[in-house]
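data.pdb, holding PDB, C-alpha atoms, pLDDT in the B column:
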ATOM      1  CA  MET A  18     -26.321  30.665   3.359  1.00 45.00           C
ATOM      2  CA  ALA A  19     -23.859  29.545   6.051  1.00 45.00           C
ATOM      3  CA  ARG A  20     -21.100  27.081   5.221  1.00 55.00           C
ATOM      4  CA  ARG A  21     -21.421  23.671   6.760  1.00 64.00           C
ATOM      5  CA  TYR A  22     -18.456  22.370   8.671  1.00 66.00           C
ATOM      6  CA  ASP A  23     -17.595  18.842   7.568  1.00 76.00           C
ATOM      7  CA  PRO A  24     -14.593  17.479   9.488  1.00 77.00           C
ATOM      8  CA  GLY A  25     -14.631  14.265   7.442  1.00 88.00           C
ATOM      9  CA  ARG A  26     -14.582  15.947   4.052  1.00 93.00           C
ATOM     10  CA  ARG A  27     -10.850  15.467   3.445  1.00 94.00           C
ATOM     11  CA  THR A  28     -11.192  11.731   4.120  1.00 94.00           C
ATOM     12  CA  LYS A  29     -14.289  11.585   1.938  1.00 95.00           C
ATOM     13  CA  ILE A  30     -12.308  13.160  -0.918  1.00 97.00           C
ATOM     14  CA  ILE A  31      -9.416  10.693  -0.521  1.00 96.00           C
ATOM     15  CA  ASP A  32     -11.841   7.764  -0.514  1.00 95.00           C
ATOM     16  CA  ALA A  33     -13.495   9.134  -3.648  1.00 97.00           C
ATOM     17  CA  ALA A  34     -10.096   9.526  -5.336  1.00 96.00           C
ATOM     18  CA  LEU A  35      -9.336   5.878  -4.603  1.00 94.00           C
ATOM     19  CA  ARG A  36     -12.664   4.829  -6.135  1.00 94.00           C
ATOM     20  CA  VAL A  37     -12.003   6.946  -9.245  1.00 96.00           C
ATOM     21  CA  ILE A  38      -8.522   5.456  -9.661  1.00 94.00           C
ATOM     22  CA  ALA A  39      -9.852   1.922  -9.121  1.00 92.00           C
ATOM     23  CA  ALA A  40     -12.505   2.467 -11.795  1.00 93.00           C
ATOM     24  CA  ASP A  41     -10.646   4.593 -14.358  1.00 93.00           C
ATOM     25  CA  GLY A  42      -6.954   4.506 -13.476  1.00 92.00           C
ATOM     26  CA  ILE A  43      -4.815   7.481 -12.586  1.00 93.00           C
ATOM     27  CA  SER A  44      -5.509   9.001 -16.003  1.00 93.00           C
ATOM     28  CA  GLY A  45      -9.178   9.331 -14.968  1.00 94.00           C
ATOM     29  CA  LEU A  46      -8.320  11.350 -11.871  1.00 95.00           C
ATOM     30  CA  SER A  47      -9.181  15.040 -11.845  1.00 96.00           C
ATOM     31  CA  HIS A  48     -10.501  17.422  -9.229  1.00 96.00           C
ATOM     32  CA  ARG A  49     -13.796  17.373 -11.115  1.00 96.00           C
ATOM     33  CA  THR A  50     -14.150  13.551 -11.209  1.00 97.00           C
ATOM     34  CA  VAL A  51     -13.241  13.291  -7.525  1.00 97.00           C
ATOM     35  CA  ALA A  52     -15.670  16.048  -6.530  1.00 97.00           C
ATOM     36  CA  ALA A  53     -18.453  14.290  -8.430  1.00 97.00           C
ATOM     37  CA  GLU A  54     -17.601  10.923  -6.859  1.00 97.00           C
ATOM     38  CA  ALA A  55     -17.395  12.428  -3.354  1.00 96.00           C
ATOM     39  CA  ASP A  56     -20.545  14.489  -3.930  1.00 95.00           C
ATOM     40  CA  VAL A  57     -18.800  17.654  -2.755  1.00 95.00           C
ATOM     41  CA  PRO A  58     -18.324  21.023  -4.443  1.00 94.00           C
ATOM     42  CA  LEU A  59     -15.338  21.234  -6.804  1.00 93.00           C
ATOM     43  CA  GLY A  60     -13.844  23.927  -4.579  1.00 93.00           C
ATOM     44  CA  SER A  61     -13.611  21.438  -1.713  1.00 93.00           C
ATOM     45  CA  THR A  62     -11.203  19.231  -3.593  1.00 95.00           C
ATOM     46  CA  THR A  63      -8.960  22.131  -4.532  1.00 94.00           C
ATOM     47  CA  TYR A  64      -9.176  23.551  -0.998  1.00 94.00           C
ATOM     48  CA  HIS A  65      -7.939  20.316   0.572  1.00 95.00           C
ATOM     49  CA  PHE A  66      -5.583  19.326  -2.263  1.00 95.00           C
ATOM     50  CA  GLY A  67      -3.956  22.105  -4.250  1.00 93.00           C
ATOM     51  CA  SER A  68      -2.754  19.686  -6.917  1.00 95.00           C
ATOM     52  CA  LEU A  69      -3.513  16.204  -8.139  1.00 94.00           C
ATOM     53  CA  ASP A  70      -0.100  15.126  -6.879  1.00 94.00           C
ATOM     54  CA  GLU A  71      -1.120  16.175  -3.357  1.00 95.00           C
ATOM     55  CA  LEU A  72      -4.262  14.087  -3.710  1.00 96.00           C
ATOM     56  CA  LEU A  73      -2.273  11.126  -5.062  1.00 95.00           C
ATOM     57  CA  VAL A  74       0.155  11.391  -2.132  1.00 94.00           C
ATOM     58  CA  ALA A  75      -2.754  11.198   0.308  1.00 94.00           C
ATOM     59  CA  ALA A  76      -4.277   8.266  -1.594  1.00 93.00           C
ATOM     60  CA  LEU A  77      -0.989   6.356  -1.700  1.00 91.00           C
ATOM     61  CA  ARG A  78      -0.378   7.013   1.986  1.00 90.00           C
ATOM     62  CA  ARG A  79      -3.820   5.530   2.736  1.00 88.00           C
ATOM     63  CA  CYS A  80      -3.064   2.432   0.619  1.00 85.00           C
ATOM     64  CA  ASN A  81       0.427   1.982   2.072  1.00 81.00           C
ATOM     65  CA  GLU A  82      -1.073   1.276   5.428  1.00 77.00           C
ATOM     66  CA  ASN A  83      -2.713  -1.994   4.373  1.00 73.00           C
ATOM     67  CA  PHE A  84       0.118  -4.560   4.307  1.00 75.00           C
ATOM     68  CA  VAL A  85       2.105  -2.870   7.068  1.00 79.00           C
ATOM     69  CA  ARG A  86      -1.022  -3.138   9.239  1.00 82.00           C
ATOM     70  CA  GLU A  87      -0.967  -6.890   8.549  1.00 82.00           C
ATOM     71  CA  LEU A  88       2.681  -7.075   9.658  1.00 84.00           C
ATOM     72  CA  ARG A  89       1.986  -5.005  12.778  1.00 86.00           C
ATOM     73  CA  GLY A  90      -1.062  -7.097  13.640  1.00 86.00           C
ATOM     74  CA  SER A  91       0.653 -10.469  13.289  1.00 86.00           C
ATOM     75  CA  GLU A  92       0.665 -12.253  16.626  1.00 85.00           C
ATOM     76  CA  ALA A  93       3.443 -14.532  15.367  1.00 84.00           C
ATOM     77  CA  LEU A  94       5.680 -11.522  14.680  1.00 85.00           C
ATOM     78  CA  ALA A  95       4.889  -9.905  18.034  1.00 82.00           C
ATOM     79  CA  GLY A  96       7.441 -12.092  19.787  1.00 81.00           C
ATOM     80  CA  PRO A  97      10.624 -13.876  18.823  1.00 83.00           C
ATOM     81  CA  VAL A  98      10.406 -16.229  15.830  1.00 83.00           C
ATOM     82  CA  GLY A  99      13.023 -18.517  14.345  1.00 77.00           C
ATOM     83  CA  SER A 100      14.037 -18.355  10.717  1.00 73.00           C
ATOM     84  CA  ALA A 101      11.524 -21.021   9.690  1.00 76.00           C
ATOM     85  CA  GLY A 102       8.822 -19.231  11.665  1.00 89.00           C
ATOM     86  CA  LEU A 103       9.596 -15.912   9.988  1.00 93.00           C
ATOM     87  CA  ALA A 104       9.398 -17.379   6.480  1.00 94.00           C
ATOM     88  CA  GLU A 105       6.210 -19.238   7.413  1.00 94.00           C
ATOM     89  CA  GLU A 106       4.488 -16.175   8.866  1.00 94.00           C
ATOM     90  CA  LEU A 107       5.407 -13.914   5.947  1.00 95.00           C
ATOM     91  CA  THR A 108       4.078 -16.548   3.538  1.00 96.00           C
ATOM     92  CA  ARG A 109       0.871 -16.821   5.570  1.00 94.00           C
ATOM     93  CA  LEU A 110       0.412 -13.039   5.518  1.00 92.00           C
ATOM     94  CA  LEU A 111       0.984 -12.857   1.755  1.00 93.00           C
ATOM     95  CA  GLY A 112      -1.473 -15.713   1.230  1.00 93.00           C
ATOM     96  CA  ARG A 113      -4.073 -13.922   3.309  1.00 90.00           C
ATOM     97  CA  TRP A 114      -3.353 -10.702   1.395  1.00 87.00           C
ATOM     98  CA  PHE A 115      -3.999 -12.437  -1.931  1.00 89.00           C
ATOM     99  CA  ALA A 116      -7.075 -14.222  -0.596  1.00 89.00           C
ATOM    100  CA  GLY A 117      -8.688 -10.791  -0.094  1.00 81.00           C
ATOM    101  CA  GLU A 118      -9.903  -8.287  -2.639  1.00 80.00           C
ATOM    102  CA  ARG A 119      -7.433  -8.361  -5.532  1.00 83.00           C
ATOM    103  CA  GLY A 120      -8.670  -5.000  -6.795  1.00 85.00           C
ATOM    104  CA  ALA A 121      -7.398  -3.332  -3.620  1.00 84.00           C
ATOM    105  CA  ILE A 122      -3.923  -4.802  -4.155  1.00 86.00           C
ATOM    106  CA  GLU A 123      -3.939  -3.701  -7.801  1.00 89.00           C
ATOM    107  CA  LEU A 124      -4.958  -0.195  -6.746  1.00 89.00           C
ATOM    108  CA  GLU A 125      -2.142  -0.041  -4.214  1.00 87.00           C
ATOM    109  CA  TYR A 126       0.436  -1.118  -6.793  1.00 89.00           C
ATOM    110  CA  GLU A 127      -0.940   1.251  -9.418  1.00 91.00           C
ATOM    111  CA  LEU A 128      -0.363   4.136  -7.019  1.00 91.00           C
ATOM    112  CA  TYR A 129       2.983   2.730  -5.888  1.00 89.00           C
ATOM    113  CA  LEU A 130       4.253   2.448  -9.474  1.00 90.00           C
ATOM    114  CA  ALA A 131       2.934   5.909 -10.354  1.00 93.00           C
ATOM    115  CA  ALA A 132       5.938   7.162  -8.387  1.00 92.00           C
ATOM    116  CA  LEU A 133       8.057   6.232 -11.414  1.00 92.00           C
ATOM    117  CA  ARG A 134       6.625   9.218 -13.282  1.00 93.00           C
ATOM    118  CA  ARG A 135       5.523  11.416 -10.391  1.00 94.00           C
ATOM    119  CA  PRO A 136       8.463  12.379  -8.154  1.00 94.00           C
ATOM    120  CA  ALA A 137       6.107  13.751  -5.465  1.00 93.00           C
ATOM    121  CA  LEU A 138       4.987  10.172  -4.773  1.00 94.00           C
ATOM    122  CA  ARG A 139       8.481   8.699  -4.330  1.00 94.00           C
ATOM    123  CA  PRO A 140       8.951   9.497  -0.636  1.00 94.00           C
ATOM    124  CA  VAL A 141       5.523   8.077   0.159  1.00 91.00           C
ATOM    125  CA  ALA A 142       6.178   4.975  -1.935  1.00 88.00           C
ATOM    126  CA  ALA A 143       9.333   4.423   0.125  1.00 91.00           C
ATOM    127  CA  GLU A 144       7.509   4.835   3.461  1.00 89.00           C
ATOM    128  CA  TRP A 145       5.890   1.406   3.441  1.00 85.00           C
ATOM    129  CA  THR A 146       9.182  -0.250   2.545  1.00 89.00           C
ATOM    130  CA  GLU A 147      10.987   1.468   5.387  1.00 92.00           C
ATOM    131  CA  GLU A 148       8.303   0.616   7.930  1.00 90.00           C
ATOM    132  CA  ALA A 149       8.181  -3.012   6.794  1.00 91.00           C
ATOM    133  CA  VAL A 150      11.994  -3.231   7.008  1.00 94.00           C
ATOM    134  CA  GLU A 151      11.872  -1.718  10.486  1.00 92.00           C
ATOM    135  CA  LEU A 152       9.253  -4.250  11.633  1.00 90.00           C
ATOM    136  CA  LEU A 153      11.123  -7.223  10.156  1.00 93.00           C
ATOM    137  CA  SER A 154      14.454  -6.006  11.560  1.00 93.00           C
ATOM    138  CA  ARG A 155      13.145  -7.028  14.968  1.00 90.00           C
ATOM    139  CA  HIS A 156      13.568 -10.633  13.789  1.00 92.00           C
ATOM    140  CA  THR A 157      16.639 -10.425  11.565  1.00 92.00           C
ATOM    141  CA  ASP A 158      19.336  -7.975  10.523  1.00 93.00           C
ATOM    142  CA  PRO A 159      18.294  -4.878   8.513  1.00 95.00           C
ATOM    143  CA  GLN A 160      19.841  -6.085   5.220  1.00 96.00           C
ATOM    144  CA  THR A 161      18.013  -9.410   5.411  1.00 95.00           C
ATOM    145  CA  ALA A 162      14.810  -7.552   6.310  1.00 95.00           C
ATOM    146  CA  ARG A 163      15.274  -5.357   3.221  1.00 96.00           C
ATOM    147  CA  ALA A 164      15.822  -8.455   1.047  1.00 97.00           C
ATOM    148  CA  LEU A 165      12.653 -10.044   2.450  1.00 96.00           C
ATOM    149  CA  VAL A 166      10.621  -6.935   1.662  1.00 95.00           C
ATOM    150  CA  ALA A 167      12.089  -6.795  -1.864  1.00 96.00           C
ATOM    151  CA  LEU A 168      11.214 -10.441  -2.459  1.00 97.00           C
ATOM    152  CA  MET A 169       7.662 -10.026  -1.159  1.00 95.00           C
ATOM    153  CA  ASP A 170       7.240  -6.946  -3.340  1.00 93.00           C
ATOM    154  CA  GLY A 171       8.520  -8.863  -6.369  1.00 95.00           C
ATOM    155  CA  VAL A 172       6.256 -11.828  -5.687  1.00 96.00           C
ATOM    156  CA  CYS A 173       3.256  -9.502  -5.420  1.00 93.00           C
ATOM    157  CA  LEU A 174       4.120  -7.775  -8.691  1.00 93.00           C
ATOM    158  CA  GLN A 175       4.604 -11.071 -10.516  1.00 94.00           C
ATOM    159  CA  VAL A 176       1.284 -12.446  -9.300  1.00 94.00           C
ATOM    160  CA  LEU A 177      -0.526  -9.244 -10.249  1.00 92.00           C
ATOM    161  CA  LEU A 178       1.119  -8.823 -13.647  1.00 92.00           C
ATOM    162  CA  THR A 179       0.764 -12.437 -14.745  1.00 93.00           C
ATOM    163  CA  GLY A 180      -2.681 -12.964 -13.261  1.00 89.00           C
ATOM    164  CA  GLY A 181      -1.306 -16.143 -11.735  1.00 89.00           C
ATOM    165  CA  ALA A 182      -2.010 -17.666  -8.386  1.00 92.00           C
ATOM    166  CA  PHE A 183       0.079 -17.053  -5.297  1.00 95.00           C
ATOM    167  CA  ASP A 184       2.447 -20.009  -4.889  1.00 96.00           C
ATOM    168  CA  ALA A 185       2.830 -20.339  -1.122  1.00 97.00           C
ATOM    169  CA  PRO A 186       5.301 -23.264  -1.046  1.00 97.00           C
ATOM    170  CA  CYS A 187       7.662 -21.590  -3.517  1.00 97.00           C
ATOM    171  CA  THR A 188       7.395 -18.253  -1.709  1.00 97.00           C
ATOM    172  CA  ARG A 189       8.040 -19.904   1.665  1.00 96.00           C
ATOM    173  CA  GLU A 190      11.172 -21.577   0.276  1.00 96.00           C
ATOM    174  CA  MET A 191      12.501 -18.337  -1.248  1.00 96.00           C
ATOM    175  CA  LEU A 192      11.850 -16.405   1.977  1.00 96.00           C
ATOM    176  CA  ALA A 193      13.537 -19.154   4.017  1.00 95.00           C
ATOM    177  CA  ARG A 194      16.604 -19.029   1.766  1.00 95.00           C
ATOM    178  CA  ILE A 195      16.925 -15.296   2.370  1.00 96.00           C
ATOM    179  CA  VAL A 196      16.442 -15.668   6.119  1.00 94.00           C
ATOM    180  CA  ASP A 197      18.973 -18.510   6.224  1.00 91.00           C
ATOM    181  CA  GLY A 198      21.551 -16.559   4.214  1.00 85.00           C
ATOM    182  CA  GLY A 199      21.055 -18.342   0.911  1.00 53.00           C
ATOM    183  CA  ALA A 200      21.814 -21.810   2.272  1.00 47.00           C
TER     184      ALA A 200
END

Target format structure tokens, applied to this file:
Amino acid sequence: MARRYDPGRRTKIIDAALRVIAADGISGLSHRTVAAEADVPLGSTTYHFGSLDELLVAALRRCNENFVRELRGSEALAGPVGSAGLAEELTRLLGRWFAGERGAIELEYELYLAALRRPALRPVAAEWTEEAVELLSRHTDPQTARALVALMDGVCLQVLLTGGAFDAPCTREMLARIVDGGA
């Protein structure tokens, strides 16, 4: 029997890994569970990803793209914005982020925090931060951009860990204080 060529198989496996992690956590991830979820032979998962860390790197890279895509797609951030405009737009984007599927945000942070115990994930976990800093540095200095990203990351973690609601006015004020140099 001839092998079928499936150019989308790697993507199918990554998508299946994300579904497995969303359902069962990282501890539920194995080549076998991913192969079953993707409905592909077990050998396909090990062919495309020699280790679970390789698969987790690909999954985290896929998730990283989400919020950075929001930053890139912001019409308000496409041109010059004042300090109030920057704080306002970042608050709006975070609000929109939290108005979406919370499970997707939780999945992203689960993979992001897995880098604490899996060194292979650390460079990928840092990629989104660096790209977000680069995008925000178009509107402020790099250190302020880094502080903004750190604050947004912290706000997201607090909302997720406490199960609370996103507090847009408080977030806007904190972001504005960073943009304005703490004034």

Exercise for the section: With a distance cut-off of 12 Å and all atoms listed in the file, select the neighbouring residues of Gly112 in chain A, excluding the residue or stretch itself and same-chain residues fewer than 3 positions from it, and output the selection as a VMD selection string. Expected result: chain A and resid 84 87 105 to 109 115 to 119 169 172 to 173 176 182 to 189

Kindly assemble as a Markdown table a list of the range 56-140 of chain A residues that lie within 10 Å of range 29-44 of chain A, each paired with its nearest atom pair and their distance in Å to one decimal, using all atoms listed in the file, sorted first by chain and then by ascending residue number.
| residue | atom | partner | partner_atom | distance |
| --- | --- | --- | --- | --- |
| A:Asp56 | CA | A:Ala33 | CA | 8.9 |
| A:Val57 | CA | A:Ile30 | CA | 8.1 |
| A:Ser61 | CA | A:Ile30 | CA | 8.4 |
| A:Thr62 | CA | A:Ile30 | CA | 6.7 |
| A:His65 | CA | A:Ile30 | CA | 8.5 |
| A:Phe66 | CA | A:Ile30 | CA | 9.2 |
| A:Leu69 | CA | A:Ala34 | CA | 9.8 |
| A:Leu72 | CA | A:Ile31 | CA | 6.9 |
| A:Leu73 | CA | A:Ala34 | CA | 8.0 |
| A:Val74 | CA | A:Ile31 | CA | 9.7 |
| A:Ala75 | CA | A:Ile31 | CA | 6.7 |
| A:Ala76 | CA | A:Ile31 | CA | 5.8 |
| A:Leu77 | CA | A:Leu35 | CA | 8.9 |
| A:Arg79 | CA | A:Ile31 | CA | 8.3 |
| A:Cys80 | CA | A:Leu35 | CA | 8.9 |
| A:Gly120 | CA | A:Ala39 | CA | 7.4 |
| A:Ala121 | CA | A:Ala39 | CA | 8.0 |
| A:Glu123 | CA | A:Ala39 | CA | 8.3 |
| A:Leu124 | CA | A:Ala39 | CA | 5.8 |
| A:Glu125 | CA | A:Leu35 | CA | 9.3 |
| A:Glu127 | CA | A:Gly42 | CA | 8.0 |
| A:Leu128 | CA | A:Ile43 | CA | 7.9 |
| A:Ala131 | CA | A:Ile43 | CA | 8.2 |

Just write the chosen residues, C-alpha atoms, as a compact mmCIF listing (two decimals), keeping the file's coordinate frame.
# COMPACT_ATOMS: atom_id res chain seq x y z
CA ASP A 56 -20.54 14.49 -3.93
CA VAL A 57 -18.80 17.65 -2.76
CA SER A 61 -13.61 21.44 -1.71
CA THR A 62 -11.20 19.23 -3.59
CA HIS A 65 -7.94 20.32 0.57
CA PHE A 66 -5.58 19.33 -2.26
CA LEU A 69 -3.51 16.20 -8.14
CA LEU A 72 -4.26 14.09 -3.71
CA LEU A 73 -2.27 11.13 -5.06
CA VAL A 74 0.16 11.39 -2.13
CA ALA A 75 -2.75 11.20 0.31
CA ALA A 76 -4.28 8.27 -1.59
CA LEU A 77 -0.99 6.36 -1.70
CA ARG A 79 -3.82 5.53 2.74
CA CYS A 80 -3.06 2.43 0.62
CA GLY A 120 -8.67 -5.00 -6.80
CA ALA A 121 -7.40 -3.33 -3.62
CA GLU A 123 -3.94 -3.70 -7.80
CA LEU A 124 -4.96 -0.20 -6.75
CA GLU A 125 -2.14 -0.04 -4.21
CA GLU A 127 -0.94 1.25 -9.42
CA LEU A 128 -0.36 4.14 -7.02
CA ALA A 131 2.93 5.91 -10.35

Identify all residues satisfying the PyMOL selection byres ((chain A and resi 155) around 12) in the given file; provide them as a PDB file with C-alpha atoms, in the frame of the given file.
ATOM      1  CA  LEU A  88       2.681  -7.075   9.658  1.00 84.00           C
ATOM      2  CA  ARG A  89       1.986  -5.005  12.778  1.00 86.00           C
ATOM      3  CA  LEU A  94       5.680 -11.522  14.680  1.00 85.00           C
ATOM      4  CA  ALA A  95       4.889  -9.905  18.034  1.00 82.00           C
ATOM      5  CA  GLY A  96       7.441 -12.092  19.787  1.00 81.00           C
ATOM      6  CA  PRO A  97      10.624 -13.876  18.823  1.00 83.00           C
ATOM      7  CA  VAL A  98      10.406 -16.229  15.830  1.00 83.00           C
ATOM      8  CA  GLY A  99      13.023 -18.517  14.345  1.00 77.00           C
ATOM      9  CA  LEU A 103       9.596 -15.912   9.988  1.00 93.00           C
ATOM     10  CA  GLU A 148       8.303   0.616   7.930  1.00 90.00           C
ATOM     11  CA  ALA A 149       8.181  -3.012   6.794  1.00 91.00           C
ATOM     12  CA  VAL A 150      11.994  -3.231   7.008  1.00 94.00           C
ATOM     13  CA  GLU A 151      11.872  -1.718  10.486  1.00 92.00           C
ATOM     14  CA  LEU A 152       9.253  -4.250  11.633  1.00 90.00           C
ATOM     15  CA  LEU A 153      11.123  -7.223  10.156  1.00 93.00           C
ATOM     16  CA  SER A 154      14.454  -6.006  11.560  1.00 93.00           C
ATOM     17  CA  HIS A 156      13.568 -10.633  13.789  1.00 92.00           C
ATOM     18  CA  THR A 157      16.639 -10.425  11.565  1.00 92.00           C
ATOM     19  CA  ASP A 158      19.336  -7.975  10.523  1.00 93.00           C
ATOM     20  CA  PRO A 159      18.294  -4.878   8.513  1.00 95.00           C
ATOM     21  CA  GLN A 160      19.841  -6.085   5.220  1.00 96.00           C
ATOM     22  CA  THR A 161      18.013  -9.410   5.411  1.00 95.00           C
ATOM     23  CA  ALA A 162      14.810  -7.552   6.310  1.00 95.00           C
TER      24      ALA A 162
END

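With CA of Thr63 in chain A on one side and CA of Asn83 in chain A on the other, the separation reads 26.5 Å.
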
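Remark: for Gly60 in chain A, the closest of the candidate residues A:Gly25, A:Asp170, A:His48, A:Val85 is A:His48 (distances computed over all atoms listed in the file).
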
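Atom to atom, CA of Gly102 in chain A and CA of Gly181 in chain A stand 25.7 Å apart.
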
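The space separating CA of Arg78 in chain A from CA of Ala137 in chain A comes to 12.0 Å.
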
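Nearest to Leu110 in chain A of all the residues A:Asn81, A:Ser91, A:Thr179, A:Thr50 is A:Ser91, counting only C-alpha atoms.
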
Find the residues of range 52-137 of chain A that sit at most 7 Å from range 192-197 of chain A; for each, write down the nearest two atoms and how far apart they are in Å, to one decimal. Count all atoms listed in the file. Sort by chain, then by number going up, and give it as a Markdown table.
| residue | atom | partner | partner_atom | distance |
| --- | --- | --- | --- | --- |
| A:Ser100 | CA | A:Val196 | CA | 5.8 |
| A:Ala101 | CA | A:Ala193 | CA | 6.3 |
| A:Ala104 | CA | A:Ala193 | CA | 5.1 |

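Of the residues under consideration (A:Gly180, A:Glu54, A:Thr146, A:Glu71), A:Thr146 shows the shortest atom-to-atom contact distance to Ala167 in chain A when counting all atoms listed in the file.
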